[in-house]
$ cat work-v7.txt   # compact mmCIF, C-alpha atoms
# COMPACT_ATOMS: atom_id res chain seq x y z
CA MET A 1 0.00 0.00 0.00
CA LEU A 2 2.81 2.44 0.90
CA ARG A 3 4.45 1.79 -2.49
CA LEU A 4 1.18 2.76 -4.22
CA ILE A 5 0.94 5.96 -2.17
CA TYR A 6 4.62 6.68 -2.94
CA SER A 7 3.98 6.18 -6.69
CA PHE A 8 0.89 8.41 -6.61
CA LEU A 9 2.80 11.21 -4.84
CA LEU A 10 5.70 10.85 -7.28
CA TYR A 11 3.30 11.31 -10.21
CA LEU A 12 1.88 14.43 -8.52
CA LEU A 13 5.39 15.83 -8.06
CA GLN A 14 6.33 15.60 -11.74
CA PRO A 15 5.44 19.25 -12.61
CA LEU A 16 7.73 20.42 -9.77
CA ILE A 17 10.47 18.11 -11.01
CA TRP A 18 10.14 19.57 -14.52
CA LEU A 19 10.36 23.08 -13.06
CA ARG A 20 13.46 22.15 -11.08
CA LEU A 21 15.14 20.68 -14.17
CA PHE A 22 14.25 23.78 -16.17
CA LEU A 23 15.62 26.15 -13.50
CA ARG A 24 18.81 24.13 -13.04
CA GLY A 25 19.15 24.25 -16.80
CA ARG A 26 19.75 28.01 -16.63
CA LYS A 27 23.18 27.37 -15.12
CA ALA A 28 23.77 23.88 -16.52
CA PRO A 29 22.02 23.52 -19.92
CA ALA A 30 22.44 19.74 -19.85
CA TYR A 31 19.58 19.54 -17.35
CA ARG A 32 17.19 20.64 -20.11
CA LYS A 33 18.19 17.80 -22.42
CA ARG A 34 17.34 14.08 -22.74
CA TRP A 35 14.14 14.30 -20.67
CA ALA A 36 12.68 11.31 -22.52
CA GLU A 37 15.35 9.07 -20.96
CA ARG A 38 14.11 10.11 -17.53
CA TYR A 39 10.81 8.41 -18.39
CA GLY A 40 12.31 5.19 -19.74
CA PHE A 41 12.37 6.05 -23.46
CA CYS A 42 15.74 4.65 -24.52
CA ARG A 43 15.09 2.64 -27.67
CA GLY A 44 18.26 2.38 -29.75
CA LYS A 45 20.44 3.68 -26.91
CA VAL A 46 20.88 0.42 -25.02
CA GLU A 47 21.61 -3.21 -25.83
CA PRO A 48 19.56 -5.87 -24.00
CA ASN A 49 20.56 -9.01 -22.11
CA GLY A 50 23.64 -7.65 -20.39
CA ILE A 51 24.66 -6.00 -17.13
CA MET A 52 23.08 -2.78 -15.91
CA LEU A 53 24.99 -0.66 -13.40
CA HIS A 54 23.58 2.46 -11.76
CA SER A 55 25.79 5.19 -10.28
CA VAL A 56 23.80 8.24 -9.32
CA SER A 57 26.46 10.93 -9.95
CA VAL A 58 30.19 11.68 -10.25
CA GLY A 59 31.39 10.18 -6.97
CA GLU A 60 29.67 6.84 -7.47
CA THR A 61 30.73 6.76 -11.12
CA LEU A 62 34.39 7.20 -10.21
CA THR A 63 34.07 4.37 -7.69
CA ALA A 64 32.42 2.18 -10.34
CA ILE A 65 35.12 2.65 -13.00
CA PRO A 66 37.41 -0.23 -11.87
CA LEU A 67 34.34 -2.49 -11.47
CA VAL A 68 33.00 -1.73 -14.95
CA ARG A 69 36.43 -2.26 -16.50
CA ALA A 70 36.82 -5.58 -14.71
CA LEU A 71 33.37 -6.72 -15.88
CA ARG A 72 34.19 -5.74 -19.47
CA TYR A 73 37.38 -7.78 -19.26
CA ARG A 74 35.75 -10.84 -17.66
CA TYR A 75 32.53 -10.83 -19.68
CA PRO A 76 33.46 -9.28 -23.05
CA MET A 77 30.35 -10.63 -24.79
CA LEU A 78 27.92 -9.01 -22.33
CA PRO A 79 26.79 -5.46 -23.10
CA ILE A 80 26.96 -3.08 -20.15
CA THR A 81 24.53 -0.22 -19.61
CA VAL A 82 25.63 2.41 -17.08
CA THR A 83 22.92 4.76 -15.79
CA THR A 84 23.27 7.99 -13.83
CA MET A 85 20.88 10.68 -12.60
CA THR A 86 22.95 13.83 -13.22
CA PRO A 87 24.59 15.40 -16.30
CA THR A 88 27.96 15.52 -14.51
CA GLY A 89 27.70 11.80 -13.84
CA SER A 90 26.72 11.29 -17.47
CA GLU A 91 29.76 13.22 -18.70
CA ARG A 92 32.01 11.21 -16.41
CA VAL A 93 30.67 7.92 -17.78
CA LEU A 94 31.17 9.04 -21.38
CA SER A 95 34.69 10.33 -20.74
CA ALA A 96 35.71 7.19 -18.83
CA PHE A 97 34.27 4.54 -21.16
CA GLY A 98 33.36 6.13 -24.50
CA ASP A 99 31.71 3.49 -26.69
CA ASP A 100 32.67 0.59 -24.40
CA VAL A 101 29.37 0.90 -22.54
CA HIS A 102 25.86 2.14 -23.27
CA HIS A 103 24.70 5.10 -21.22
CA VAL A 104 21.29 6.61 -20.43
CA TYR A 105 19.72 8.31 -17.44
CA LEU A 106 17.95 6.04 -14.96
CA PRO A 107 14.25 6.84 -15.27
CA TYR A 108 12.27 8.33 -12.41
CA ASP A 109 10.89 5.63 -10.14
CA LEU A 110 7.42 5.70 -11.71
CA PRO A 111 5.88 2.28 -12.46
CA CYS A 112 5.29 3.04 -16.15
CA SER A 113 8.78 4.54 -16.64
CA VAL A 114 10.54 1.68 -14.86
CA ASN A 115 8.60 -0.93 -16.87
CA ARG A 116 9.32 0.83 -20.16
CA PHE A 117 13.02 1.01 -19.29
CA LEU A 118 13.34 -2.62 -18.21
CA ASN A 119 11.47 -3.79 -21.32
CA GLN A 120 14.28 -2.23 -23.36
CA VAL A 121 17.31 -3.16 -21.23
CA ARG A 122 16.19 -6.64 -20.07
CA PRO A 123 19.31 -7.02 -17.88
CA LYS A 124 20.68 -10.33 -16.63
CA LEU A 125 22.01 -8.55 -13.53
CA VAL A 126 21.50 -5.09 -12.01
CA ILE A 127 24.19 -3.51 -9.82
CA ILE A 128 23.41 -0.32 -7.88
CA MET A 129 26.33 1.57 -6.40
CA GLU A 130 26.19 2.50 -2.72
CA THR A 131 22.61 2.93 -1.45
CA GLU A 132 20.08 4.03 -4.05
CA LEU A 133 16.88 2.27 -2.98
CA TRP A 134 14.06 2.83 -5.48
CA PRO A 135 10.91 0.93 -4.41
CA ASN A 136 9.33 0.50 -7.86
CA LEU A 137 12.60 -0.48 -9.52
CA ILE A 138 13.31 -3.03 -6.78
CA HIS A 139 9.75 -4.38 -7.03
CA GLN A 140 9.91 -4.80 -10.80
CA LEU A 141 13.34 -6.47 -10.75
CA ASN A 142 12.07 -8.92 -8.15
CA LYS A 143 8.89 -9.56 -10.15
CA ARG A 144 10.96 -10.28 -13.28
CA HIS A 145 13.42 -12.49 -11.33
CA ILE A 146 16.35 -10.23 -12.23
CA PRO A 147 19.14 -10.38 -9.59
CA LEU A 148 19.83 -7.05 -7.86
CA VAL A 149 23.12 -6.39 -6.05
CA ILE A 150 23.76 -3.23 -4.03
CA ALA A 151 27.54 -2.82 -4.31
CA ASN A 152 29.80 -0.79 -2.02
CA ALA A 153 26.73 -0.28 0.15
CA ARG A 154 26.79 2.14 3.04
CA LEU A 155 24.08 3.12 5.49
CA SER A 156 24.69 5.81 8.08
CA ALA A 157 23.02 5.70 11.48
CA ARG A 158 21.02 8.75 10.49
CA SER A 159 19.76 7.17 7.24
CA ALA A 160 18.99 3.90 9.03
CA HIS A 161 16.90 5.80 11.59
CA GLY A 162 14.93 7.43 8.77
CA TYR A 163 14.36 4.13 6.98
CA SER A 164 13.29 2.44 10.23
CA LYS A 165 10.16 4.63 10.27
CA LEU A 166 8.93 2.68 7.24
CA GLY A 167 8.77 -0.47 9.36
CA LYS A 168 7.46 -3.55 7.57
CA THR A 169 7.54 -1.78 4.19
CA MET A 170 11.31 -1.34 4.46
CA GLN A 171 11.75 -4.97 5.49
CA THR A 172 9.69 -6.16 2.51
CA MET A 173 11.73 -4.02 0.12
CA LEU A 174 15.08 -5.23 1.51
CA GLN A 175 14.01 -8.86 1.18
CA LYS A 176 13.53 -8.32 -2.55
CA ILE A 177 17.23 -7.46 -2.93
CA THR A 178 19.41 -10.41 -3.97
CA LEU A 179 22.59 -9.28 -2.23
CA ILE A 180 23.92 -6.25 -0.37
CA ALA A 181 27.72 -6.00 -0.45
CA ALA A 182 28.41 -3.59 2.41
CA GLN A 183 31.55 -1.57 2.98
CA ASN A 184 31.89 -2.63 6.64
CA LYS A 185 30.23 -4.60 9.43
CA GLU A 186 28.58 -1.51 10.96
CA ASP A 187 26.78 -0.71 7.71
CA GLY A 188 25.86 -4.37 7.29
CA ASP A 189 24.40 -4.59 10.79
CA ARG A 190 22.17 -1.60 10.09
CA PHE A 191 20.73 -3.30 7.00
CA ILE A 192 20.02 -6.45 9.04
CA GLN A 193 18.32 -4.40 11.77
CA LEU A 194 16.03 -2.96 9.06
CA GLY A 195 15.00 -6.44 7.94
CA LEU A 196 17.63 -7.75 5.50
CA LYS A 197 18.24 -11.49 5.82
CA PRO A 198 21.82 -12.17 7.01
CA SER A 199 22.22 -14.65 4.13
CA HIS A 200 21.72 -11.73 1.70
CA LEU A 201 24.60 -9.71 3.18
CA ALA A 202 28.34 -9.76 2.42
CA ILE A 203 31.08 -7.49 3.78
CA THR A 204 33.54 -6.61 1.03
CA GLY A 205 35.23 -3.42 2.20
CA SER A 206 35.11 -0.20 0.19
CA LEU A 207 35.57 -0.19 -3.57
CA LYS A 208 36.88 3.36 -3.24
CA PHE A 209 40.24 1.89 -2.20
CA ASP A 210 40.50 -0.07 -5.45
CA ILE A 211 41.75 2.81 -7.53
CA SER A 212 45.21 3.06 -9.01
CA VAL A 213 47.34 5.40 -11.07
CA THR A 214 47.94 3.71 -14.41
CA PRO A 215 51.35 4.07 -16.10
CA GLU A 216 49.63 6.01 -18.89
CA LEU A 217 48.07 8.48 -16.43
CA SER A 218 51.36 8.86 -14.57
CA SER A 219 53.17 9.58 -17.84
CA ARG A 220 50.57 12.17 -18.91
CA ALA A 221 50.75 13.89 -15.51
CA LEU A 222 54.54 14.04 -15.61
CA SER A 223 54.47 15.48 -19.12
CA LEU A 224 51.93 18.13 -18.14
CA ARG A 225 53.88 19.05 -15.01
CA ARG A 226 57.01 19.58 -17.10
CA GLN A 227 55.01 21.73 -19.48
CA TRP A 228 53.17 23.78 -16.87
CA ALA A 229 55.51 24.14 -13.93
CA PRO A 230 58.93 22.47 -14.28
CA HIS A 231 60.49 24.70 -11.61
CA ARG A 232 57.45 25.85 -9.62
CA PRO A 233 55.62 24.44 -6.61
CA VAL A 234 52.02 23.46 -7.38
CA TRP A 235 49.01 22.82 -5.15
CA ILE A 236 45.48 21.84 -6.11
CA ALA A 237 42.12 22.63 -4.51
CA ALA A 238 39.63 20.19 -6.03
CA SER A 239 35.88 19.58 -5.94
CA THR A 240 35.23 22.94 -4.30
CA HIS A 241 31.73 24.22 -3.51
CA GLU A 242 30.17 27.62 -2.99
CA GLY A 243 31.87 29.33 -0.06
CA GLU A 244 35.15 27.47 -0.51
CA GLU A 245 36.74 29.17 -3.51
CA ASN A 246 37.05 32.45 -1.55
CA ILE A 247 38.80 30.62 1.27
CA ILE A 248 41.16 28.90 -1.17
CA LEU A 249 42.02 32.15 -2.93
CA ASP A 250 42.61 33.93 0.42
CA ALA A 251 44.98 31.15 1.44
CA HIS A 252 46.71 31.33 -1.95
CA ALA A 253 47.20 35.10 -1.57
CA ASN A 254 48.94 34.50 1.78
CA LEU A 255 51.07 31.72 0.34
CA LEU A 256 52.21 33.85 -2.61
CA GLN A 257 53.96 36.15 -0.15
CA ARG A 258 56.18 33.25 0.94
CA PHE A 259 56.27 31.41 -2.42
CA PRO A 260 55.90 34.05 -5.19
CA ASN A 261 56.05 31.45 -7.99
CA LEU A 262 53.42 29.12 -6.45
CA LEU A 263 50.77 27.84 -8.86
CA LEU A 264 47.23 26.93 -7.75
CA ILE A 265 44.99 24.57 -9.70
CA LEU A 266 41.40 25.38 -8.70
CA VAL A 267 38.76 22.80 -9.72
CA PRO A 268 35.12 23.51 -8.79
CA ARG A 269 32.98 20.41 -8.27
CA HIS A 270 30.18 21.39 -10.65
CA PRO A 271 30.49 22.90 -14.15
CA GLU A 272 28.01 25.68 -13.36
CA ARG A 273 30.59 27.05 -10.89
CA PHE A 274 33.36 27.43 -13.47
CA PRO A 275 32.38 31.04 -14.39
CA THR A 276 32.02 31.92 -10.70
CA ALA A 277 35.52 30.65 -9.98
CA GLN A 278 36.87 32.86 -12.74
CA GLN A 279 35.06 35.92 -11.35
CA LEU A 280 36.33 35.25 -7.83
CA THR A 281 39.89 34.86 -9.13
CA ILE A 282 39.61 38.19 -10.97
CA GLN A 283 38.23 39.84 -7.82
CA ALA A 284 41.18 38.47 -5.87
CA GLY A 285 43.46 40.26 -8.34
CA MET A 286 45.16 37.12 -9.57
CA SER A 287 46.33 36.20 -13.05
CA TYR A 288 44.67 33.01 -14.32
CA ILE A 289 44.07 30.77 -17.30
CA THR A 290 41.48 28.04 -17.81
CA ARG A 291 42.36 24.44 -18.55
CA SER A 292 39.84 24.39 -21.42
CA SER A 293 41.67 27.22 -23.20
CA GLY A 294 44.62 24.93 -23.93
CA GLU A 295 47.00 27.68 -22.84
CA VAL A 296 50.19 26.91 -20.94
CA PRO A 297 50.77 28.84 -17.69
CA ASN A 298 53.50 31.45 -17.95
CA GLU A 299 55.58 32.87 -15.10
CA GLN A 300 52.86 35.40 -14.29
CA THR A 301 50.02 32.83 -14.13
CA GLN A 302 48.99 32.31 -10.49
CA VAL A 303 45.88 30.15 -10.94
CA VAL A 304 44.76 27.49 -13.42
CA ILE A 305 41.01 26.93 -13.27
CA GLY A 306 40.20 23.30 -14.02
CA ASP A 307 37.05 23.74 -16.11
CA THR A 308 37.10 20.41 -17.94
CA MET A 309 35.37 17.15 -17.07
CA GLY A 310 37.06 13.82 -16.40
CA GLU A 311 40.55 15.18 -15.76
CA LEU A 312 40.69 15.39 -11.98
CA MET A 313 42.95 12.38 -11.50
CA LEU A 314 45.31 13.83 -14.11
CA LEU A 315 45.37 17.22 -12.38
CA TYR A 316 46.02 15.62 -9.00
CA GLY A 317 49.08 14.03 -10.59
CA ILE A 318 50.55 17.45 -11.37
CA ALA A 319 50.34 18.76 -7.81
CA ASP A 320 52.68 18.56 -4.82
CA LEU A 321 49.74 18.43 -2.41
CA ALA A 322 45.95 18.54 -2.52
CA PHE A 323 43.01 20.12 -0.70
CA VAL A 324 39.77 18.16 -1.22
CA GLY A 325 36.64 20.31 -1.18
CA GLY A 326 33.11 20.00 0.09
CA SER A 327 34.75 19.82 3.52
CA LEU A 328 35.11 23.46 4.62
CA VAL A 329 31.36 23.81 4.06
CA GLU A 330 28.76 21.26 5.17
CA ARG A 331 28.72 19.11 2.03
CA GLY A 332 30.41 16.10 3.61
CA GLY A 333 33.59 16.18 1.56
CA HIS A 334 34.73 14.29 -1.53
CA ASN A 335 37.05 11.35 -2.09
CA PRO A 336 40.49 11.88 -0.46
CA LEU A 337 41.79 8.62 -1.90
CA GLU A 338 42.11 10.08 -5.40
CA PRO A 339 44.98 12.41 -4.44
CA ALA A 340 46.31 9.77 -2.02
CA ALA A 341 46.77 7.42 -5.01
CA HIS A 342 49.38 9.89 -6.28
CA ALA A 343 51.24 9.73 -2.93
CA ILE A 344 50.74 13.42 -2.19
CA PRO A 345 49.60 14.95 1.14
CA VAL A 346 45.85 15.40 1.53
CA LEU A 347 44.15 18.30 3.33
CA MET A 348 40.43 18.63 4.11
CA GLY A 349 38.10 20.68 6.27
CA SER A 350 36.20 19.19 9.20
CA HIS A 351 33.00 18.30 7.28
CA THR A 352 33.87 14.83 6.01
CA PHE A 353 30.80 12.79 6.91
CA ASN A 354 30.47 11.37 3.38
CA PHE A 355 33.86 9.70 3.81
CA ASN A 356 33.95 9.32 7.56
CA GLU A 357 35.58 5.89 7.76
CA ILE A 358 38.13 6.63 5.03
CA CYS A 359 39.07 9.99 6.57
CA ASN A 360 39.46 8.38 9.99
CA LYS A 361 41.81 5.77 8.56
CA LEU A 362 43.84 8.45 6.78
CA ALA A 363 43.97 10.73 9.83
CA GLN A 364 45.08 7.91 12.15
CA ALA A 365 47.88 7.07 9.73
CA GLU A 366 48.93 10.74 9.41
CA GLY A 367 47.84 10.73 5.78
CA LEU A 368 45.21 13.46 6.21
CA ILE A 369 45.59 16.99 7.59
CA THR A 370 42.47 18.79 8.83
CA VAL A 371 42.16 22.56 8.37
CA GLN A 372 39.48 24.98 9.54
CA ASP A 373 39.82 28.20 7.52
CA ALA A 374 42.03 30.19 5.15
CA ASN A 375 44.69 30.82 7.80
CA SER A 376 45.08 27.23 8.92
CA LEU A 377 44.99 26.07 5.30
CA ALA A 378 47.78 28.50 4.36
CA GLU A 379 49.83 27.45 7.41
CA GLN A 380 49.60 23.75 6.62
CA VAL A 381 50.32 24.21 2.91
CA GLU A 382 53.31 26.39 3.80
CA SER A 383 54.69 23.70 6.12
CA LEU A 384 54.37 21.08 3.41
CA LEU A 385 55.91 23.22 0.67
CA ALA A 386 58.80 24.33 2.87
CA ASP A 387 59.87 20.80 3.85
CA GLU A 388 60.16 18.20 1.10
CA SER A 389 60.87 15.29 3.44
CA TYR A 390 57.80 16.15 5.56
CA ARG A 391 55.73 16.44 2.37
CA ASN A 392 56.93 13.07 1.08
CA TYR A 393 56.28 11.48 4.49
CA ARG A 394 52.67 12.69 4.53
CA GLY A 395 52.11 11.59 0.94
CA GLN A 396 53.56 8.13 1.59
CA ARG A 397 51.36 7.70 4.68
CA ALA A 398 48.31 8.54 2.56
CA VAL A 399 49.09 6.08 -0.25
CA ASN A 400 49.91 3.34 2.28
CA VAL A 401 46.34 3.55 3.65
CA LEU A 402 45.04 3.13 0.12
CA LEU A 403 47.22 0.10 -0.62
CA GLN A 404 46.55 -1.61 2.72
CA ASN A 405 42.78 -1.51 2.25
CA GLN A 406 42.47 -2.76 -1.31
CA GLY A 407 40.77 -6.02 -2.26
CA ALA A 408 37.05 -5.15 -2.24
CA LEU A 409 36.85 -5.38 -6.04
CA GLU A 410 38.02 -9.01 -6.19
CA LYS A 411 35.61 -9.98 -3.41
CA LEU A 412 32.72 -8.32 -5.21
CA LEU A 413 33.54 -9.91 -8.57
CA ALA A 414 33.52 -13.34 -6.92
CA LEU A 415 30.10 -12.58 -5.42
CA LEU A 416 28.71 -11.57 -8.82
CA GLU A 417 29.83 -14.74 -10.64
CA PRO A 418 26.77 -16.89 -9.75
CA TYR A 419 24.46 -14.35 -11.45
CA LEU A 420 26.39 -14.16 -14.72
CA PRO A 421 27.17 -16.64 -17.53
CA ALA A 422 30.12 -18.94 -16.99
CA ARG A 423 33.37 -17.32 -18.12
CA SER A 424 35.48 -18.87 -20.87
CA HIS A 425 39.08 -19.00 -19.65

$ encode --input "work-v7.txt" --output "structure tokens"
Amino acid sequence: MLRLIYSFLLYLLQPLIWLRLFLRGRKAPAYRKRWAERYGFCRGKVEPNGIMLHSVSVGETLTAIPLVRALRYRYPMLPITVTTMTPTGSERVLSAFGDDVHHVYLPYDLPCSVNRFLNQVRPKLVIIMETELWPNLIHQLNKRHIPLVIANARLSARSAHGYSKLGKTMQTMLQKITLIAAQNKEDGDRFIQLGLKPSHLAITGSLKFDISVTPELSSRALSLRRQWAPHRPVWIAASTHEGEENIILDAHANLLQRFPNLLLILVPRHPERFPTAQQLTIQAGMSYITRSSGEVPNEQTQVVIGDTMGELMLLYGIADLAFVGGSLVERGGHNPLEPAAHAIPVLMGSHTFNFNEICNKLAQAEGLITVQDANSLAEQVESLLADESYRNYRGQRAVNVLLQNQGALEKLLALLEPYLPARSH
């Protein structure tokens, strides 16, 4: 009954959803495109009888990249459809995989849209990254006997408390899920308390640790560093949100007094913030270029604004140290393991609830430095730039945490095998 009420309310909300897409489209035009996909119209864009993987946005997509590549390698004859909900996630999928996978938006969780979508995709297996629980999608997959695996699943105490209010409805929904592969025992226990059968739970660790810097990426980063700043120190502030760019630029202004040739790479999280970052840099009186311009920084360039998609791991590879955004404001932070993979020191603000366990591991190992404001950020960056051995120590501590916690991908792939055709070796 609750699912029917939920569906009815979701139908009623559609005009507001259209308005929201239209308004968001003023800053990010991609939100005004491909609306048909959001209602399950994807004929000719997908190939049936393969694997479907859903990653809601950029963060989940980045986590899914090693998994998708491993599935392509192990099951080359199976088509893979990767769905997202946001244009930035869409762009990340296309830049990471190109024509290797099919990509469309996941439709809204309306019964007619979900049915239309599944009639086209007809997947053998559905994998949802982290914890995207859509009642109608889960119901239809169960009805069609399509296995559903929630991979890299996490469930905070706060989210679990919210879900617990659904009572029996939540338990019924969880029991329709084939397998939940949780990041840790605490997350797994919360799913069981909500009604998941213990036999449908596996603890794999976090897929976020299963990233690596490929030789090709390392070579490209080295080449770009030689081109951009062969004799200059470089720091990067990545995935920044509103309210953070000013702090970063204030810190950079202080640092330029000590290191006049210091170069900052500033990478806002969302494309709609690229113009804002440029304006703020101009207001700060700093000389800048944009990455998309193709220009090479000269001796007077103080800031490079990273306004391209899919290049963050490359840009991390250019820097001597990294600040990871969404953490000085209450956004919960972004993935600190991406810069850690390059063995460079990682700095973040105190708002890291999206990556709480990972940040705790890094902090305990001295691989993460917490800052509070522009002054403390400038102080910590100055300490790192002034002392190469200290900088290398912090970077090595960060990458060690990454290496010591890898292995979730292999565990997950083994769990997926029973739901996929036998591999030819």

$ atom_distance --input "work-v7.txt" --atom1 "atom CA of Ser327 of chain A" --atom2 "atom CA of Gln372 of chain A"
9.2 Å

$ closest_atom_pairs --input "work-v7.txt" --of "segment 315-337 of chain A" --to "segment 298-307 of chain A" --cutoff "12 Å" --atoms "all atoms listed in the file" --output "tab-separated table"
residue	atom	partner	partner_atom	distance
A:Leu315	CA	A:Gly306	CA	8.1
A:Tyr316	CA	A:Gly306	CA	10.9
A:Ile318	CA	A:Val304	CA	11.8
A:Ala319	CA	A:Val304	CA	11.8

$ atom_distance --input "work-v7.txt" --atom1 "atom CA of Glu382 of chain A" --atom2 "atom CA of Asn254 of chain A"
9.4 Å

$ atom_distance --input "work-v7.txt" --atom1 "atom CA of Asp109 of chain A" --atom2 "atom CA of Met85 of chain A"
11.5 Å

$ residues_around --input "work-v7.txt" --residues "Glu311 of chain A" --least-positions-apart "6" --cutoff "10 Å" --atoms "only C-alpha atoms" --output "PyMOL selection string"
chain A and resi 92+95-96+267+291

$ closest_residue --input "work-v7.txt" --among "A:Asn392, A:Gln380, A:Asn405, A:Asn400" --to "Ala340 of chain A" --atoms "all atoms listed in the file"
A:Asn400

$ residues_around --input "work-v7.txt" --residues "Gly332 of chain A" --least-positions-apart "6" --cutoff "7 Å" --atoms "only C-alpha atoms" --output "PyMOL selection string"
chain A and resi 326+351-354

$ residues_around --input "work-v7.txt" --residues "Pro345 of chain A" --least-positions-apart "2" --cutoff "10 Å" --atoms "all atoms listed in the file" --output "PyMOL selection string"
chain A and resi 319-323+336+339-340+342-343+347+366-369+381+384+390-399

$ residues_around --input "work-v7.txt" --residues "Leu71 of chain A" --least-positions-apart "5" --cutoff "9 Å" --atoms "all atoms listed in the file" --output "PyMOL selection string"
chain A and resi 51+66+76+78+80+413

$ closest_residue --input "work-v7.txt" --among "A:Ala30, A:Leu255, A:Ala422, A:Ala277" --to "Glu379 of chain A" --atoms "only C-alpha atoms"
A:Leu255

$ residues_near_point --input "work-v7.txt" --point "(10.9, -3.9, -5.6)" --cutoff "12 Å" --atoms "all atoms listed in the file" --output "PyMOL selection string"
chain A and resi 3-4+109-111+114-115+133-148+169-178

$ closest_residue --input "work-v7.txt" --among "A:His241, A:His54, A:Arg423, A:Lys45" --to "Arg74 of chain A" --atoms "only C-alpha atoms"
A:Arg423

$ residues_around --input "work-v7.txt" --residues "Arg232 of chain A" --least-positions-apart "2" --cutoff "9 Å" --atoms "only C-alpha atoms" --output "PyMOL selection string"
chain A and resi 228-230+234+261-263

$ write_last_selection --input "work-v7.txt" --atoms "C-alpha atoms" --output "mmCIF file, in the coordinates of the input"
data_model
loop_
_atom_site.group_PDB
_atom_site.id
_atom_site.type_symbol
_atom_site.label_atom_id
_atom_site.label_comp_id
_atom_site.auth_asym_id
_atom_site.auth_seq_id
_atom_site.Cartn_x
_atom_site.Cartn_y
_atom_site.Cartn_z
ATOM 1 C CA TRP A 228 53.170 23.780 -16.870
ATOM 2 C CA ALA A 229 55.510 24.140 -13.930
ATOM 3 C CA PRO A 230 58.930 22.470 -14.280
ATOM 4 C CA VAL A 234 52.020 23.460 -7.380
ATOM 5 C CA ASN A 261 56.050 31.450 -7.990
ATOM 6 C CA LEU A 262 53.420 29.120 -6.450
ATOM 7 C CA LEU A 263 50.770 27.840 -8.860
#

$ closest_residue --input "work-v7.txt" --among "A:Leu67, A:Ala28, A:Leu224, A:Leu53" --to "Val296 of chain A" --atoms "only C-alpha atoms"
A:Leu224

$ residues_near_point --input "work-v7.txt" --point "(25.1, 18.0, -25.6)" --cutoff "12 Å" --atoms "all atoms listed in the file" --output "VMD selection string"
chain A and resid 28 to 34 87 to 88 90 to 91 94

$ closest_atom_pairs --input "work-v7.txt" --of "segment 305-386 of chain A" --to "segment 196-219 of chain A" --cutoff "8 Å" --atoms "only C-alpha atoms" --output "JSON lines"
{"residue": "A:Leu314", "atom": "CA", "partner": "A:Leu217", "partner_atom": "CA", "distance": 6.5}
{"residue": "A:Gly317", "atom": "CA", "partner": "A:Ser218", "partner_atom": "CA", "distance": 6.9}
{"residue": "A:Leu337", "atom": "CA", "partner": "A:Phe209", "partner_atom": "CA", "distance": 6.9}
{"residue": "A:Glu338", "atom": "CA", "partner": "A:Ile211", "partner_atom": "CA", "distance": 7.6}
{"residue": "A:Ala341", "atom": "CA", "partner": "A:Ser212", "partner_atom": "CA", "distance": 6.1}
{"residue": "A:His342", "atom": "CA", "partner": "A:Val213", "partner_atom": "CA", "distance": 6.9}

$ closest_residue --input "work-v7.txt" --among "A:Asn119, A:Gln183, A:Ser164, A:Asn356" --to "Lys411 of chain A" --atoms "all atoms listed in the file"
A:Gln183

$ build_atoms --input "work-v7.txt" --residues "segment 88-98 of chain A" --atoms "N, CA and C atoms" --output "short mmCIF file (atom, residue, chain, number, x, y, z; two decimals), in the coordinates of the input"
data_model
loop_
_atom_site.label_atom_id
_atom_site.label_comp_id
_atom_site.auth_asym_id
_atom_site.auth_seq_id
_atom_site.Cartn_x
_atom_site.Cartn_y
_atom_site.Cartn_z
N THR A 88 26.53 15.65 -14.82
CA THR A 88 27.96 15.52 -14.51
C THR A 88 28.34 14.05 -14.42
N GLY A 89 27.45 13.23 -13.85
CA GLY A 89 27.70 11.80 -13.84
C GLY A 89 27.72 11.23 -15.24
N SER A 90 26.80 11.71 -16.08
CA SER A 90 26.72 11.29 -17.47
C SER A 90 28.02 11.61 -18.21
N GLU A 91 28.52 12.82 -18.03
CA GLU A 91 29.76 13.22 -18.70
C GLU A 91 30.93 12.37 -18.24
N ARG A 92 30.92 12.02 -16.94
CA ARG A 92 32.01 11.21 -16.41
C ARG A 92 32.00 9.81 -17.01
N VAL A 93 30.79 9.24 -17.18
CA VAL A 93 30.67 7.92 -17.78
C VAL A 93 31.20 7.95 -19.21
N LEU A 94 30.78 8.95 -19.98
CA LEU A 94 31.17 9.04 -21.38
C LEU A 94 32.67 9.26 -21.53
N SER A 95 33.25 10.07 -20.64
CA SER A 95 34.69 10.33 -20.74
C SER A 95 35.51 9.12 -20.29
N ALA A 96 34.97 8.34 -19.35
CA ALA A 96 35.71 7.19 -18.83
C ALA A 96 35.64 6.00 -19.78
N PHE A 97 34.48 5.78 -20.41
CA PHE A 97 34.27 4.54 -21.16
C PHE A 97 34.03 4.72 -22.65
N GLY A 98 33.64 5.92 -23.08
CA GLY A 98 33.36 6.13 -24.50
C GLY A 98 32.32 5.15 -25.01
#
